[in-house]
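Asker: Sharing upload_26.cif (mmCIF, C-alpha atoms) below.
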data_work
#
loop_
_atom_site.label_atom_id
_atom_site.label_comp_id
_atom_site.auth_asym_id
_atom_site.auth_seq_id
_atom_site.Cartn_x
_atom_site.Cartn_y
_atom_site.Cartn_z
CA MET A 17 17.67 -21.76 -4.55
CA ASN A 18 14.84 -24.04 -3.56
CA ASP A 19 13.81 -26.83 -5.86
CA VAL A 20 10.86 -25.78 -7.96
CA ALA A 21 8.53 -27.68 -10.23
CA VAL A 22 9.63 -27.32 -13.83
CA SER A 23 8.03 -28.69 -16.95
CA ASP A 24 9.23 -31.86 -18.70
CA ASP A 25 10.20 -29.62 -21.58
CA ALA A 26 12.65 -27.88 -19.26
CA LYS A 27 14.28 -31.08 -18.07
CA ASP A 28 15.65 -31.85 -21.55
CA ASP A 29 17.70 -28.67 -21.50
CA THR A 30 20.24 -29.81 -18.98
CA GLN A 31 21.49 -32.54 -21.29
CA ALA A 32 21.54 -30.14 -24.19
CA GLY A 33 24.08 -28.04 -22.33
CA GLN A 34 22.33 -24.72 -22.97
CA SER A 35 21.61 -24.07 -19.40
CA TRP A 36 21.49 -20.32 -18.91
CA PRO A 37 17.91 -19.80 -20.17
CA LEU A 38 16.93 -22.72 -17.95
CA GLN A 39 18.76 -21.12 -15.03
CA ILE A 40 16.85 -17.89 -15.62
CA TYR A 41 13.57 -19.80 -15.83
CA LYS A 42 14.22 -21.71 -12.62
CA THR A 43 15.29 -18.57 -10.81
CA LEU A 44 12.14 -16.71 -11.88
CA LYS A 45 10.06 -19.68 -10.69
CA ALA A 46 11.88 -19.71 -7.34
CA HIS A 47 10.96 -16.05 -6.93
CA GLY A 48 7.29 -16.73 -7.56
CA VAL A 49 6.99 -15.21 -11.03
CA SER A 50 3.64 -16.27 -12.49
CA GLN A 51 3.27 -13.95 -15.50
CA ILE A 52 5.73 -13.46 -18.36
CA SER A 53 5.13 -11.17 -21.33
CA TYR A 54 7.31 -10.70 -24.36
CA VAL A 55 8.02 -9.28 -27.74
CA PRO A 56 9.91 -12.13 -29.38
CA ASP A 57 13.67 -12.17 -29.71
CA ALA A 58 15.93 -14.99 -30.83
CA GLY A 59 18.00 -14.60 -27.68
CA HIS A 60 14.92 -15.16 -25.53
CA SER A 61 13.46 -17.99 -27.62
CA ARG A 62 14.33 -20.82 -25.21
CA LEU A 63 13.00 -18.94 -22.20
CA ILE A 64 9.83 -18.11 -24.12
CA GLU A 65 9.35 -21.82 -24.93
CA LEU A 66 9.88 -22.78 -21.30
CA SER A 67 7.36 -20.16 -20.21
CA HIS A 68 4.70 -21.30 -22.69
CA ALA A 69 5.23 -24.92 -21.62
CA ASP A 70 4.57 -24.09 -17.97
CA PRO A 71 0.87 -24.08 -17.06
CA ALA A 72 1.65 -22.18 -13.84
CA ILE A 73 2.86 -19.16 -15.84
CA GLN A 74 0.52 -16.91 -17.80
CA THR A 75 2.54 -16.15 -20.93
CA THR A 76 1.47 -13.18 -23.05
CA VAL A 77 2.78 -12.18 -26.47
CA LEU A 78 2.68 -8.41 -27.00
CA THR A 79 2.32 -6.23 -30.07
CA THR A 80 4.73 -3.65 -28.63
CA GLU A 81 6.93 -3.57 -25.57
CA GLU A 82 5.19 -0.86 -23.54
CA GLU A 83 2.15 -3.13 -23.27
CA GLY A 84 4.29 -5.32 -21.03
CA VAL A 85 5.08 -2.44 -18.67
CA ALA A 86 1.36 -1.86 -18.15
CA LEU A 87 0.67 -5.60 -17.90
CA SER A 88 3.27 -5.93 -15.14
CA ALA A 89 1.57 -3.11 -13.24
CA GLY A 90 -1.82 -4.80 -13.42
CA ALA A 91 -0.35 -8.15 -12.44
CA TRP A 92 1.18 -6.65 -9.29
CA LEU A 93 -2.07 -4.89 -8.39
CA GLY A 94 -3.69 -8.32 -8.54
CA GLY A 95 -0.98 -10.04 -6.51
CA ASP A 96 1.11 -11.59 -9.30
CA ARG A 97 4.81 -11.17 -10.07
CA SER A 98 5.43 -10.48 -13.75
CA VAL A 99 8.52 -10.20 -15.95
CA LEU A 100 8.85 -8.54 -19.37
CA LEU A 101 11.19 -10.02 -21.99
CA MET A 102 12.32 -7.87 -24.89
CA GLN A 103 15.16 -6.95 -27.21
CA SER A 104 17.10 -3.69 -26.79
CA SER A 105 15.39 -2.22 -29.86
CA GLY A 106 12.12 -2.16 -27.89
CA VAL A 107 13.33 -0.22 -24.88
CA GLY A 108 12.65 3.19 -26.40
CA ASN A 109 9.02 2.22 -27.02
CA CYS A 110 8.53 1.94 -23.26
CA VAL A 111 9.85 5.26 -22.04
CA ASN A 112 6.60 7.07 -21.23
CA MET A 113 5.01 3.90 -19.85
CA PHE A 114 7.88 3.61 -17.35
CA SER A 115 6.20 6.59 -15.60
CA LEU A 116 3.58 4.15 -14.38
CA ALA A 117 6.12 2.05 -12.47
CA ALA A 118 7.87 5.14 -11.11
CA SER A 119 4.72 7.01 -10.06
CA CYS A 120 3.25 4.01 -8.25
CA ARG A 121 6.62 2.66 -7.03
CA LEU A 122 5.73 -0.66 -8.64
CA PRO A 123 8.04 -3.66 -8.77
CA PHE A 124 9.21 -3.96 -12.37
CA LEU A 125 11.63 -6.44 -13.90
CA THR A 126 12.60 -6.69 -17.53
CA LEU A 127 15.22 -8.96 -19.15
CA VAL A 128 16.65 -7.39 -22.28
CA THR A 129 18.67 -9.21 -24.92
CA MET A 130 21.18 -6.78 -26.39
CA ARG A 131 21.69 -5.96 -30.04
CA GLY A 132 24.00 -3.44 -31.60
CA GLU A 133 26.83 -3.73 -29.11
CA TRP A 134 29.02 -6.73 -30.14
CA ALA A 135 29.76 -8.23 -33.55
CA GLU A 136 26.57 -6.67 -34.92
CA PHE A 137 25.82 -7.22 -38.62
CA ASN A 138 22.85 -4.85 -38.88
CA PRO A 139 23.79 -1.18 -38.48
CA TRP A 140 20.15 -0.23 -37.84
CA GLN A 141 20.38 -2.01 -34.48
CA ILE A 142 23.24 0.13 -33.24
CA PRO A 143 21.61 3.46 -32.25
CA MET A 144 19.04 1.95 -29.90
CA GLY A 145 21.54 -0.62 -28.65
CA LYS A 146 23.95 2.15 -27.67
CA ALA A 147 21.16 4.17 -26.03
CA THR A 148 19.58 1.28 -24.13
CA PRO A 149 21.25 1.72 -20.71
CA GLN A 150 20.65 5.48 -20.76
CA ALA A 151 17.02 5.04 -21.86
CA PHE A 152 16.40 3.05 -18.71
CA GLU A 153 18.46 5.30 -16.48
CA ILE A 154 16.78 8.56 -17.51
CA MET A 155 13.51 7.02 -16.28
CA GLY A 156 15.02 5.97 -12.95
CA ILE A 157 15.38 2.27 -13.72
CA THR A 158 18.38 0.41 -12.30
CA VAL A 159 20.45 -1.42 -14.92
CA PHE A 160 22.20 -4.74 -14.30
CA ARG A 161 24.43 -6.54 -16.77
CA LEU A 162 24.51 -10.27 -17.36
CA GLU A 163 27.79 -10.93 -19.17
CA ARG A 164 28.53 -14.61 -18.45
CA PRO A 165 26.19 -17.63 -18.50
CA GLU A 166 27.46 -18.87 -15.15
CA ASP A 167 26.24 -15.66 -13.49
CA ALA A 168 22.64 -16.07 -14.66
CA GLU A 169 21.18 -17.41 -11.43
CA GLU A 170 22.94 -14.91 -9.19
CA VAL A 171 22.14 -11.84 -11.29
CA ILE A 172 18.51 -12.76 -11.93
CA SER A 173 17.97 -13.69 -8.29
CA ALA A 174 19.38 -10.35 -7.11
CA ALA A 175 17.23 -8.53 -9.65
CA CYS A 176 14.08 -10.37 -8.49
CA SER A 177 14.77 -9.52 -4.85
CA LEU A 178 15.31 -5.86 -5.60
CA ALA A 179 12.21 -5.66 -7.76
CA PHE A 180 9.68 -7.70 -5.85
CA GLU A 181 10.87 -7.20 -2.27
CA SER A 182 12.16 -3.62 -2.45
CA ASP A 183 9.67 -2.25 -5.02
CA GLN A 184 12.40 -1.26 -7.47
CA GLN A 185 12.42 -1.06 -11.26
CA ILE A 186 15.19 -3.25 -12.66
CA ALA A 187 16.44 -3.99 -16.18
CA VAL A 188 18.89 -6.84 -16.75
CA LEU A 189 20.79 -6.40 -20.01
CA ILE A 190 21.93 -9.75 -21.42
CA SER A 191 25.09 -9.10 -23.40
CA GLN A 192 25.18 -9.76 -27.12
CA ARG A 193 28.62 -11.33 -26.63
CA MET A 194 27.01 -13.97 -24.44
CA LEU A 195 24.14 -14.56 -26.87
CA GLY A 196 26.48 -15.21 -29.79
CA ARG A 197 26.44 -14.09 -33.38
CA LYS A 198 23.21 -14.13 -35.32
CA LYS A 199 23.52 -16.33 -38.40
CA TRP A 200 22.67 -14.35 -41.52
CA THR A 201 23.15 -17.13 -44.06
CA GLU A 202 21.19 -20.37 -44.00
CA THR A 203 23.20 -23.59 -43.89
CA LYS A 204 21.89 -26.08 -46.41
CA MET B 18 -18.48 12.24 -40.01
CA VAL B 19 -18.95 13.32 -36.37
CA GLN B 20 -22.37 12.23 -35.19
CA ASN B 21 -24.43 13.67 -32.37
CA PHE B 22 -24.96 11.45 -29.37
CA THR B 23 -26.90 12.57 -26.33
CA LEU B 24 -26.03 10.11 -23.57
CA GLY B 25 -24.30 11.88 -20.67
CA ARG B 26 -20.98 10.29 -19.65
CA ARG B 27 -21.54 10.73 -15.91
CA GLU B 28 -25.01 9.23 -16.11
CA ALA B 29 -23.67 6.28 -18.11
CA VAL B 30 -20.84 5.51 -15.68
CA ARG B 31 -23.04 5.92 -12.60
CA SER B 32 -25.42 3.39 -14.09
CA LEU B 33 -22.63 0.95 -14.99
CA LEU B 34 -21.20 1.04 -11.48
CA ALA B 35 -24.47 0.92 -9.52
CA ASP B 36 -24.45 -2.18 -7.28
CA ARG B 37 -20.92 -3.08 -8.43
CA LYS B 38 -20.32 -5.90 -5.91
CA ASP B 39 -16.86 -7.48 -6.45
CA LEU B 40 -16.09 -5.51 -9.60
CA LEU B 41 -12.53 -4.18 -9.90
CA VAL B 42 -12.13 -1.08 -12.06
CA VAL B 43 -9.13 0.36 -13.90
CA THR B 44 -9.65 3.78 -15.48
CA GLY B 45 -7.92 5.40 -18.44
CA LEU B 46 -6.43 8.83 -17.87
CA GLY B 47 -8.55 11.92 -18.38
CA SER B 48 -12.31 12.10 -18.25
CA ALA B 49 -12.86 8.38 -17.67
CA SER B 50 -10.98 8.65 -14.37
CA TYR B 51 -13.14 11.63 -13.38
CA ASP B 52 -16.35 9.83 -14.33
CA VAL B 53 -15.54 6.75 -12.26
CA PHE B 54 -14.49 8.86 -9.26
CA ASP B 55 -17.68 10.90 -9.57
CA ALA B 56 -19.74 7.70 -9.52
CA GLY B 57 -18.40 6.89 -6.05
CA GLU B 58 -14.97 6.47 -4.48
CA HIS B 59 -14.05 2.80 -3.98
CA PRO B 60 -10.84 0.96 -2.96
CA GLY B 61 -11.39 -1.37 -5.91
CA ASN B 62 -10.81 1.56 -8.28
CA PHE B 63 -7.36 2.14 -9.77
CA TYR B 64 -7.18 5.49 -11.52
CA LEU B 65 -4.55 6.11 -14.16
CA TRP B 66 -3.31 9.69 -14.37
CA GLY B 67 -0.78 8.87 -17.08
CA ALA B 68 0.38 5.75 -18.96
CA MET B 69 -1.78 6.71 -21.96
CA GLY B 70 -2.66 3.63 -23.97
CA GLY B 71 -1.97 1.32 -21.02
CA ALA B 72 -5.34 1.01 -19.27
CA GLY B 73 -6.39 -2.11 -21.16
CA MET B 74 -3.10 -3.86 -20.42
CA VAL B 75 -3.24 -2.95 -16.72
CA GLY B 76 -6.70 -4.52 -16.81
CA LEU B 77 -5.35 -7.65 -18.51
CA GLY B 78 -2.57 -8.16 -15.95
CA LEU B 79 -5.10 -7.72 -13.18
CA ALA B 80 -7.68 -10.00 -14.79
CA LEU B 81 -5.09 -12.78 -15.23
CA ALA B 82 -3.98 -12.41 -11.61
CA GLN B 83 -7.56 -12.37 -10.25
CA PRO B 84 -9.56 -14.74 -12.48
CA LYS B 85 -12.37 -15.09 -9.93
CA ARG B 86 -13.07 -11.36 -9.85
CA PRO B 87 -14.78 -9.40 -12.61
CA VAL B 88 -12.53 -6.62 -13.98
CA ALA B 89 -13.67 -3.60 -15.98
CA VAL B 90 -11.43 -1.14 -17.78
CA ILE B 91 -13.28 2.14 -18.26
CA THR B 92 -11.50 4.42 -20.67
CA GLY B 93 -11.97 6.90 -23.50
CA ASP B 94 -11.64 6.53 -27.24
CA GLY B 95 -8.42 8.55 -27.33
CA GLU B 96 -6.77 6.50 -24.61
CA GLN B 97 -7.70 3.22 -26.26
CA LEU B 98 -6.57 4.44 -29.67
CA MET B 99 -3.05 5.00 -28.35
CA GLY B 100 -2.94 1.36 -27.24
CA ILE B 101 -4.98 -0.06 -30.10
CA GLY B 102 -2.62 -3.02 -30.54
CA SER B 103 -3.33 -4.06 -26.97
CA LEU B 104 -6.81 -5.16 -28.11
CA LEU B 105 -5.06 -7.93 -30.08
CA THR B 106 -2.93 -8.86 -27.09
CA ILE B 107 -5.93 -8.98 -24.76
CA ALA B 108 -7.96 -11.10 -27.17
CA THR B 109 -5.23 -13.74 -27.44
CA LYS B 110 -5.37 -14.35 -23.69
CA THR B 111 -9.18 -14.82 -23.63
CA PRO B 112 -9.59 -13.46 -20.08
CA GLY B 113 -13.18 -14.45 -19.30
CA ASN B 114 -13.47 -11.90 -16.50
CA LEU B 115 -12.38 -8.78 -18.42
CA THR B 116 -14.60 -6.13 -19.99
CA ILE B 117 -13.27 -3.04 -21.79
CA VAL B 118 -15.70 -0.12 -21.70
CA ILE B 119 -14.87 2.67 -24.13
CA LEU B 120 -16.62 5.97 -23.44
CA ASP B 121 -16.52 7.22 -26.99
CA ASN B 122 -17.27 10.87 -27.76
CA GLY B 123 -15.11 10.86 -30.89
CA HIS B 124 -12.81 13.52 -29.42
CA PHE B 125 -9.70 14.06 -27.34
CA GLY B 126 -11.56 15.77 -24.51
CA GLU B 127 -8.68 16.56 -22.17
CA THR B 128 -6.58 18.41 -24.73
CA GLY B 129 -9.04 20.76 -26.42
CA MET B 130 -11.65 18.52 -28.04
CA GLN B 131 -9.74 17.69 -31.19
CA VAL B 132 -11.62 15.13 -33.27
CA SER B 133 -10.25 11.61 -32.74
CA HIS B 134 -9.92 8.78 -35.23
CA SER B 135 -13.18 7.44 -33.86
CA GLY B 136 -14.85 10.77 -34.62
CA LEU B 137 -13.32 10.60 -38.08
CA GLY B 138 -14.92 7.23 -38.73
CA ALA B 139 -12.79 4.48 -37.21
CA GLN B 140 -15.05 1.75 -35.80
CA LEU B 141 -13.61 0.59 -32.50
CA ASP B 142 -16.23 -2.15 -32.21
CA VAL B 143 -15.27 -3.57 -35.61
CA ILE B 144 -11.59 -3.39 -34.67
CA ALA B 145 -12.30 -5.30 -31.45
CA THR B 146 -14.19 -7.97 -33.39
CA GLY B 147 -11.30 -8.27 -35.79
CA ALA B 148 -8.87 -8.53 -32.88
CA GLY B 149 -10.80 -11.55 -31.62
CA PHE B 150 -12.91 -10.21 -28.77
CA ARG B 151 -15.58 -12.76 -27.92
CA SER B 152 -18.29 -10.21 -27.28
CA VAL B 153 -18.62 -6.72 -28.74
CA THR B 154 -21.48 -4.33 -28.03
CA GLU B 155 -22.38 -0.81 -29.07
CA ILE B 156 -24.58 1.28 -26.79
CA SER B 157 -25.93 4.79 -27.30
CA ASP B 158 -28.72 5.25 -24.73
CA ILE B 159 -29.24 4.78 -21.01
CA LYS B 160 -31.47 1.77 -21.46
CA GLY B 161 -28.60 0.04 -23.22
CA VAL B 162 -26.27 0.90 -20.34
CA ASN B 163 -28.75 -0.35 -17.73
CA ASP B 164 -29.23 -3.60 -19.67
CA TYR B 165 -25.46 -4.08 -19.98
CA ARG B 166 -24.68 -3.55 -16.27
CA PRO B 167 -25.04 -7.23 -15.17
CA THR B 168 -22.62 -8.23 -17.93
CA LEU B 169 -19.81 -6.46 -16.03
CA GLN B 170 -20.20 -9.06 -13.26
CA ARG B 171 -19.34 -11.98 -15.53
CA ILE B 172 -16.12 -13.90 -15.04
CA ASP B 173 -16.54 -16.11 -18.10
CA ALA B 174 -16.87 -15.76 -21.86
CA GLY B 175 -14.69 -12.65 -22.08
CA PRO B 176 -13.00 -10.57 -23.13
CA ARG B 177 -15.84 -8.22 -23.91
CA LEU B 178 -15.69 -4.73 -25.36
CA THR B 179 -18.51 -2.24 -25.27
CA ARG B 180 -18.41 1.06 -27.10
CA ILE B 181 -20.67 3.57 -25.39
CA ARG B 182 -21.42 6.54 -27.60
CA ILE B 183 -21.60 9.57 -25.33
CA ALA B 184 -22.32 13.27 -25.77
CA THR B 185 -19.50 15.78 -26.22
CA GLY B 186 -20.88 18.39 -23.82
CA HIS B 187 -18.67 19.94 -21.12
CA VAL B 188 -18.63 18.23 -17.72
CA ASP B 189 -16.79 19.70 -14.74
CA ARG B 190 -13.75 17.73 -13.67
CA ALA B 191 -14.03 15.53 -10.58
CA LEU B 192 -10.51 14.79 -9.43
CA PRO B 193 -9.65 11.44 -7.83
CA PRO B 194 -6.52 10.95 -5.69
CA ARG B 195 -3.40 11.08 -7.85
CA ASP B 196 -0.76 9.64 -5.52
CA GLY B 197 0.10 6.41 -7.31
CA VAL B 198 1.63 4.73 -4.27
CA PHE B 199 -1.52 5.40 -2.25
CA LEU B 200 -3.74 4.08 -5.03
CA LYS B 201 -1.58 0.95 -5.39
CA ASN B 202 -1.51 0.17 -1.69
CA ARG B 203 -5.21 0.83 -1.25
CA PHE B 204 -6.07 -1.43 -4.18
CA ARG B 205 -3.86 -4.30 -3.00
CA GLU B 206 -5.00 -4.02 0.60
CA ASN B 207 -8.60 -4.27 -0.60
CA LEU B 208 -7.66 -7.58 -2.26
CA GLY B 209 -6.12 -8.85 0.97
CA PHE B 210 -2.43 -8.21 0.29
CA ALA B 211 -0.57 -6.77 3.27
CA VAL B 212 1.20 -3.47 2.77
CA THR B 213 4.75 -4.25 3.85
#
Would you mind writing the file out in structure tokens?

Answerer:
Amino acid sequence: MNDVAVSDDAKDDTQAGQSWPLQIYKTLKAHGVSQISYVPDAGHSRLIELSHADPAIQTTVLTTEEEGVALSAGAWLGGDRSVLLMQSSGVGNCVNMFSLAASCRLPFLTLVTMRGEWAEFNPWQIPMGKATPQAFEIMGITVFRLERPEDAEEVISAACSLAFESDQQIAVLISQRMLGRKKWTETK
Amino acid sequence: MVQNFTLGRREAVRSLLADRKDLLVVTGLGSASYDVFDAGEHPGNFYLWGAMGGAGMVGLGLALAQPKRPVAVITGDGEQLMGIGSLLTIATKTPGNLTIVILDNGHFGETGMQVSHSGLGAQLDVIATGAGFRSVTEISDIKGVNDYRPTLQRIDAGPRLTRIRIATGHVDRALPPRDGVFLKNRFRENLGFAVT
């Protein structure tokens, strides 16, 4: 990967030892991504902070995930590369809007933090978590898995190339096992 | 609750798009796409034939990518209602070059003229103001449309939303191209991006 300009905020991360969101950020930058939209998720929080801190990226918070599918389409029409960040619970909201990417053969890349698949505390997360890969696949979207932090750069780079150079629709599912357990009790 | 408005939708859109210059246009599915096509085919038009509720967000992505070009989303009340939350999203980004034009007949025209939430009293202009749009206008006659036309050329002080109250009368369909790949490539080529 070529060196890319990253914000000062990003530079602190290397020392902190939580490098996979930074690796994703740097890989997206290296592939020319200039718009990021999201519905918040704890697993994406570092990447969202890095995106907001970067004046070269237009960062857009959404009210629902399918807005990001349409935003990515408009960005590409205008010459920008855009990525949608969401949690697995939002994938079902997007299903009809995926028609836009398929009908126009638009590059589309989404990074999805998984819930309901590993050490899940909240049973309400499980149905959509289990259905997430199929929800993408029934709409013709290719599903990649990111299971290990050390694979972040390679997987995201491959996904960017397929999306933005081969006009494919790609979802990268970031495993709940990699994200770690959500803490349900506050430590005082 | 349904009121009678007399402004013809085709007349309104033809007036809006007269002398359009650098204006880029995204249309919401259904009658808005037909109206814009009927006003004159243009490579700077991107017609949606699906993606209901997404026209405004396509316009936002485009407006952020092309801040020097004015962008108009021309859609119907039904289409915008399905993506009503997107008005909040658009307002947060304050895209100076984006205008949302809602052709509001208070009905779902494509599906049998069922009365929409707008026809039942919802005030899309008030909702846009509450969402944080910088400029909100309501128009119900052709003079208002003619006076508004230069506003579509602005690339600052947006986003703007204008609710144009149009008549419900039947208008024959005018069908734009519906091959999405063609529309995409034509639109990008017009902006100077090579088709690879």

Asker: Please determine the contact residues of chain A with respect to chain B at a cut-off of 10 Å, counting all atoms listed in the file, and supply them as a ChimeraX atom specification.

Answerer: /A:50-51,53,74-80,82-98,110-122,181-182

Asker: Given the PyMOL selection byres ((chain A and resi 127-136) around 9) and the file above, list the residues it selects as a PyMOL selection string.

Answerer: chain A and resi 57-60+99-107+125-126+137-146+148+172+186-193+195-198

Asker: Limited to C-alpha atoms, could you put the picked residues into a file as a PDB file, in the coordinates of the input?

Answerer:
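Ended up saving to part32.pdb:
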ATOM      1  CA  ASP A  57      13.670 -12.170 -29.710  1.00  0.00           C
ATOM      2  CA  ALA A  58      15.930 -14.990 -30.830  1.00  0.00           C
ATOM      3  CA  GLY A  59      18.000 -14.600 -27.680  1.00  0.00           C
ATOM      4  CA  HIS A  60      14.920 -15.160 -25.530  1.00  0.00           C
ATOM      5  CA  VAL A  99       8.520 -10.200 -15.950  1.00  0.00           C
ATOM      6  CA  LEU A 100       8.850  -8.540 -19.370  1.00  0.00           C
ATOM      7  CA  LEU A 101      11.190 -10.020 -21.990  1.00  0.00           C
ATOM      8  CA  MET A 102      12.320  -7.870 -24.890  1.00  0.00           C
ATOM      9  CA  GLN A 103      15.160  -6.950 -27.210  1.00  0.00           C
ATOM     10  CA  SER A 104      17.100  -3.690 -26.790  1.00  0.00           C
ATOM     11  CA  SER A 105      15.390  -2.220 -29.860  1.00  0.00           C
ATOM     12  CA  GLY A 106      12.120  -2.160 -27.890  1.00  0.00           C
ATOM     13  CA  VAL A 107      13.330  -0.220 -24.880  1.00  0.00           C
ATOM     14  CA  LEU A 125      11.630  -6.440 -13.900  1.00  0.00           C
ATOM     15  CA  THR A 126      12.600  -6.690 -17.530  1.00  0.00           C
ATOM     16  CA  PHE A 137      25.820  -7.220 -38.620  1.00  0.00           C
ATOM     17  CA  ASN A 138      22.850  -4.850 -38.880  1.00  0.00           C
ATOM     18  CA  PRO A 139      23.790  -1.180 -38.480  1.00  0.00           C
ATOM     19  CA  TRP A 140      20.150  -0.230 -37.840  1.00  0.00           C
ATOM     20  CA  GLN A 141      20.380  -2.010 -34.480  1.00  0.00           C
ATOM     21  CA  ILE A 142      23.240   0.130 -33.240  1.00  0.00           C
ATOM     22  CA  PRO A 143      21.610   3.460 -32.250  1.00  0.00           C
ATOM     23  CA  MET A 144      19.040   1.950 -29.900  1.00  0.00           C
ATOM     24  CA  GLY A 145      21.540  -0.620 -28.650  1.00  0.00           C
ATOM     25  CA  LYS A 146      23.950   2.150 -27.670  1.00  0.00           C
ATOM     26  CA  THR A 148      19.580   1.280 -24.130  1.00  0.00           C
ATOM     27  CA  ILE A 172      18.510 -12.760 -11.930  1.00  0.00           C
ATOM     28  CA  ILE A 186      15.190  -3.250 -12.660  1.00  0.00           C
ATOM     29  CA  ALA A 187      16.440  -3.990 -16.180  1.00  0.00           C
ATOM     30  CA  VAL A 188      18.890  -6.840 -16.750  1.00  0.00           C
ATOM     31  CA  LEU A 189      20.790  -6.400 -20.010  1.00  0.00           C
ATOM     32  CA  ILE A 190      21.930  -9.750 -21.420  1.00  0.00           C
ATOM     33  CA  SER A 191      25.090  -9.100 -23.400  1.00  0.00           C
ATOM     34  CA  GLN A 192      25.180  -9.760 -27.120  1.00  0.00           C
ATOM     35  CA  ARG A 193      28.620 -11.330 -26.630  1.00  0.00           C
ATOM     36  CA  LEU A 195      24.140 -14.560 -26.870  1.00  0.00           C
ATOM     37  CA  GLY A 196      26.480 -15.210 -29.790  1.00  0.00           C
ATOM     38  CA  ARG A 197      26.440 -14.090 -33.380  1.00  0.00           C
ATOM     39  CA  LYS A 198      23.210 -14.130 -35.320  1.00  0.00           C
TER      40      LYS A 198
END

Asker: Take the PyMOL selection byres ((chain A and resi 158) around 8), run it mentally on this structure, and tell me the resulting residues as a PyMOL selection string.

Answerer: chain A and resi 152-153+156-157+159-160+184-187

Asker: Run the PyMOL selection byres ((chain A and resi 163-171) around 7) mentally over the shown coordinates, then write out the matched residues as a PDB file with C-alpha atoms, in the coordinates of the input, using the chain letters and numbers from the document.

Answerer:
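Final output, result.pdb:
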ATOM      1  CA  TRP A  36      21.490 -20.320 -18.910  1.00  0.00           C
ATOM      2  CA  GLN A  39      18.760 -21.120 -15.030  1.00  0.00           C
ATOM      3  CA  ILE A  40      16.850 -17.890 -15.620  1.00  0.00           C
ATOM      4  CA  THR A  43      15.290 -18.570 -10.810  1.00  0.00           C
ATOM      5  CA  ARG A 161      24.430  -6.540 -16.770  1.00  0.00           C
ATOM      6  CA  LEU A 162      24.510 -10.270 -17.360  1.00  0.00           C
ATOM      7  CA  ILE A 172      18.510 -12.760 -11.930  1.00  0.00           C
ATOM      8  CA  SER A 173      17.970 -13.690  -8.290  1.00  0.00           C
ATOM      9  CA  ALA A 174      19.380 -10.350  -7.110  1.00  0.00           C
ATOM     10  CA  ALA A 175      17.230  -8.530  -9.650  1.00  0.00           C
ATOM     11  CA  ILE A 190      21.930  -9.750 -21.420  1.00  0.00           C
ATOM     12  CA  SER A 191      25.090  -9.100 -23.400  1.00  0.00           C
ATOM     13  CA  MET A 194      27.010 -13.970 -24.440  1.00  0.00           C
TER      14      MET A 194
END

Asker: Compile the contact shell of Asp52 in chain B as a list in words: residues with an atom at most 9 Å away, counting all atoms listed in the file, same-chain residues fewer than 3 positions apart removed.

Answerer: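 Here the answer would be Arg26, Arg27, Glu28, Ala29, Val30, Arg31, Ser48, Ala49, Asp55, Ala56, Arg190 and Ala191 of chain B.
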
Asker: Which one of A:Glu65, A:Ile73, A:Lys199, A:Val49 sits closest to Ser177 in chain A if you count all atoms listed in the file?

Answerer: A:Val49

Asker: When you draw a straight line from CA of Glu58 in chain B to CA of Leu46 in chain B, how long is it in Å?

Answerer: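 Separating CA of Glu58 in chain B from CA of Leu46 in chain B is a distance of 16.1 Å.
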
Asker: Figure out the distance between CA of Pro112 in chain B and CA of Pro37 in chain A, please, to one decimal in Å.

Answerer: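 Atom-to-atom, CA of Pro37 in chain A and CA of Pro112 in chain B are spaced 28.2 Å apart.
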
Asker: To one decimal place, how far is CA of Pro87 in chain B from CA of Gly123 in chain B in Å?

Answerer: 27.3 Å

Asker: Hey, which of B:Leu115, B:Val53, B:Ala148, B:Leu137 ends up closest to Leu34 in chain B? Count all atoms listed in the file.

Answerer: B:Val53
